[in-house]
Amino acid sequence: MRVAIVHYWFVSQRGGEKVVEELCTLFPRADIFTLSLDRDALSHRLASREIATSFINKLPFSERWYKHYLPLMPLALEQFDLRGYDLVISSESGPAKGVLTSPETLHICYCHTPMRYVWDMYHDYMSNSGRIKRFFMAPLLHYLRIWDRLSADRVDHFVANSANVARRIAKHYRRDADVVYPPVAVDDFCVSEQQDDFYLMVGQLVGYKRADLAVKAFTRSGKRLVIIGEGEQGRLLREIAGNNVEFLGRQPFEVLRNHYSRCQALIFPGEEDFGIVPLEAMASGRPVIAFGKGGALETVVDGKTGIFFHEQTEDALLEAVERFEGMKSHFHPTQIRAHACGFGPERFRAEMAKIIESQIQAHARAMGRWDVQA
């Protein structure tokens, strides 16, 4: 079989890129396509692969400004020549599923989320933009919403990274989806016997991550909070933070792993599609204090691997922290890690291989062929 993997963009090494790594393990001879590429930001496993890029990659500052070329992305995707491929797997978060394939090609989309900025978070993006930006964004996102919905019909089968995302696929695209949780590199993390007095938050400093909630709550309480990550809200958050809140910015993996294993607990105040960060903390044996909505409901076990708070308010978060401190003895690092190990790469590969094999056989029967093997 000739296999192509289409990923929205390779400009960092995060959850979506780890999915592509495991897909490459399943299909080591697959060809890879993407809109924009920064090899220096990728792991060796991906950076060493041959990756075909779109014309967007040749535009000025595409590695940093790739999101500014959003209006061109549908056109760029449709320029990829995927004739002759038996199987196309698109890794979708931004646009990726909109590639054109032949009737004989099976197209499976692994969907991290339908595009947030045109669907469920559209009004959040609009309300946080200035008047001039809103004026141009409204018609652009309207066009992208229509294209995104129509391009969903180009997919033969959807796989969602969580039940949370599967519900959104059903809502926005009116399609069913299997659920396969993304791979978490649990073996890269370990349990430490040493715990320090700080709480930890990890992630991009952007609006929906709600780092502002954590900063305000911990500034008020005086408890120590360490934040690893960078983003557009970094300057504002530093301005409102007390001396007990420490910003480390972007850090190498060894520093991140060390902080995971030594923190009191991970603070996870945003609503995520799935959320790999809580599982990385749990793989380090540390509990998670999470907002009880979205993907966290599928990874955190309340009272065993963490604690939920159900309103995105300072009071609710601080109450959850106090509740955690009153029941620390209930959380056992080895049990927390054992729970996280159920989300490892082996599970992802096995479940994806089973679904792909089933879809290949079903597609072959629909095409009148009976001798196709994965």
# chains A, B, ... in the order shown; residues from 1 in each chain; ligands from 1

call {"tool": "closest_atom_pairs", "arguments": {"of": "segment 252-348 of chain A", "to": "segment 121-133 of chain A", "cutoff": "12 Å", "atoms": "only C-alpha atoms", "output": "Markdown table"}}
result
| residue | atom | partner | partner_atom | distance |
| --- | --- | --- | --- | --- |
| A:Glu271 | CA | A:Met121 | CA | 11.2 |
| A:Glu272 | CA | A:Met121 | CA | 11.7 |
| A:Asp273 | CA | A:Met121 | CA | 11.9 |

call {"tool": "residues_around", "arguments": {"residues": "His310 of chain A", "least_positions_apart": "6", "cutoff": "12 Å", "atoms": "only C-alpha atoms", "output": "NGL selection string"}}
result
:A and (268-271 or 289-294 or 296-297 or 302 or 316-320)

call {"tool": "closest_residue", "arguments": {"among": "A:Asp38, A:Asp187, A:Asp156, A:Glu314", "to": "Leu87 of chain A", "atoms": "only C-alpha atoms"}}
result
A:Asp156

call {"tool": "residues_around", "arguments": {"residues": "Leu42 of chain A", "least_positions_apart": "6", "cutoff": "8 Å", "atoms": "only C-alpha atoms", "output": "number ranges by chain"}}
result
A: 10-13

call {"tool": "closest_residue", "arguments": {"among": "A:Ala362, A:Arg238, A:Lys18, A:Leu140", "to": "His68 of chain A", "atoms": "only C-alpha atoms"}}
result
A:Leu140

call {"tool": "closest_residue", "arguments": {"among": "A:Lys97, A:Phe136, A:Asp153, A:His112", "to": "Gly275 of chain A", "atoms": "only C-alpha atoms"}}
result
A:His112

call {"tool": "select_by_dssp", "arguments": {"residues": "segment 163-257 of chain A", "states": "strand (DSSP E or B)", "output": "list in words"}}
result
Ala177, Asp178, Val179, Tyr199, Leu200, Met201, Val202, Leu225, Val226, Ile227, Ile228, Val245, Glu246, Phe247, Leu248 and Gly249 of chain A

call {"tool": "write_last_selection", "arguments": {"atoms": "C-alpha atoms", "output": "mmCIF file, in the first residue's frame"}}
result
data_model
loop_
_atom_site.group_PDB
_atom_site.id
_atom_site.type_symbol
_atom_site.label_atom_id
_atom_site.label_comp_id
_atom_site.auth_asym_id
_atom_site.auth_seq_id
_atom_site.Cartn_x
_atom_site.Cartn_y
_atom_site.Cartn_z
ATOM 1 C CA ALA A 177 -16.108 9.059 15.113
ATOM 2 C CA ASP A 178 -14.171 6.334 16.864
ATOM 3 C CA VAL A 179 -12.191 7.476 19.899
ATOM 4 C CA TYR A 199 2.450 24.036 42.462
ATOM 5 C CA LEU A 200 3.058 23.831 38.731
ATOM 6 C CA MET A 201 1.340 25.028 35.572
ATOM 7 C CA VAL A 202 2.605 24.001 32.122
ATOM 8 C CA LEU A 225 3.246 28.734 41.746
ATOM 9 C CA VAL A 226 5.779 27.939 39.001
ATOM 10 C CA ILE A 227 4.727 28.441 35.365
ATOM 11 C CA ILE A 228 6.579 26.800 32.473
ATOM 12 C CA VAL A 245 4.471 33.330 41.135
ATOM 13 C CA GLU A 246 7.575 32.374 39.142
ATOM 14 C CA PHE A 247 7.704 32.409 35.328
ATOM 15 C CA LEU A 248 10.349 30.133 33.829
ATOM 16 C CA GLY A 249 9.357 30.588 30.184
#

call {"tool": "closest_residue", "arguments": {"among": "A:Glu78, A:Arg39, A:Ala47, A:Ile108", "to": "Val3 of chain A", "atoms": "only C-alpha atoms"}}
result
A:Ile108

call {"tool": "residues_around", "arguments": {"residues": "Ser62 of chain A", "least_positions_apart": "3", "cutoff": "10 Å", "atoms": "only C-alpha atoms", "output": "PyMOL selection string"}}
result
chain A and resi 11+35-38+55-59+65-69

call {"tool": "closest_residue", "arguments": {"among": "A:Phe274, A:Leu77, A:Ile267, A:Pro182", "to": "Glu351 of chain A", "atoms": "only C-alpha atoms"}}
result
A:Pro182

call {"tool": "atom_distance", "arguments": {"atom1": "atom CA of Val301 of chain A", "atom2": "atom CA of His339 of chain A"}}
result
9.0 Å
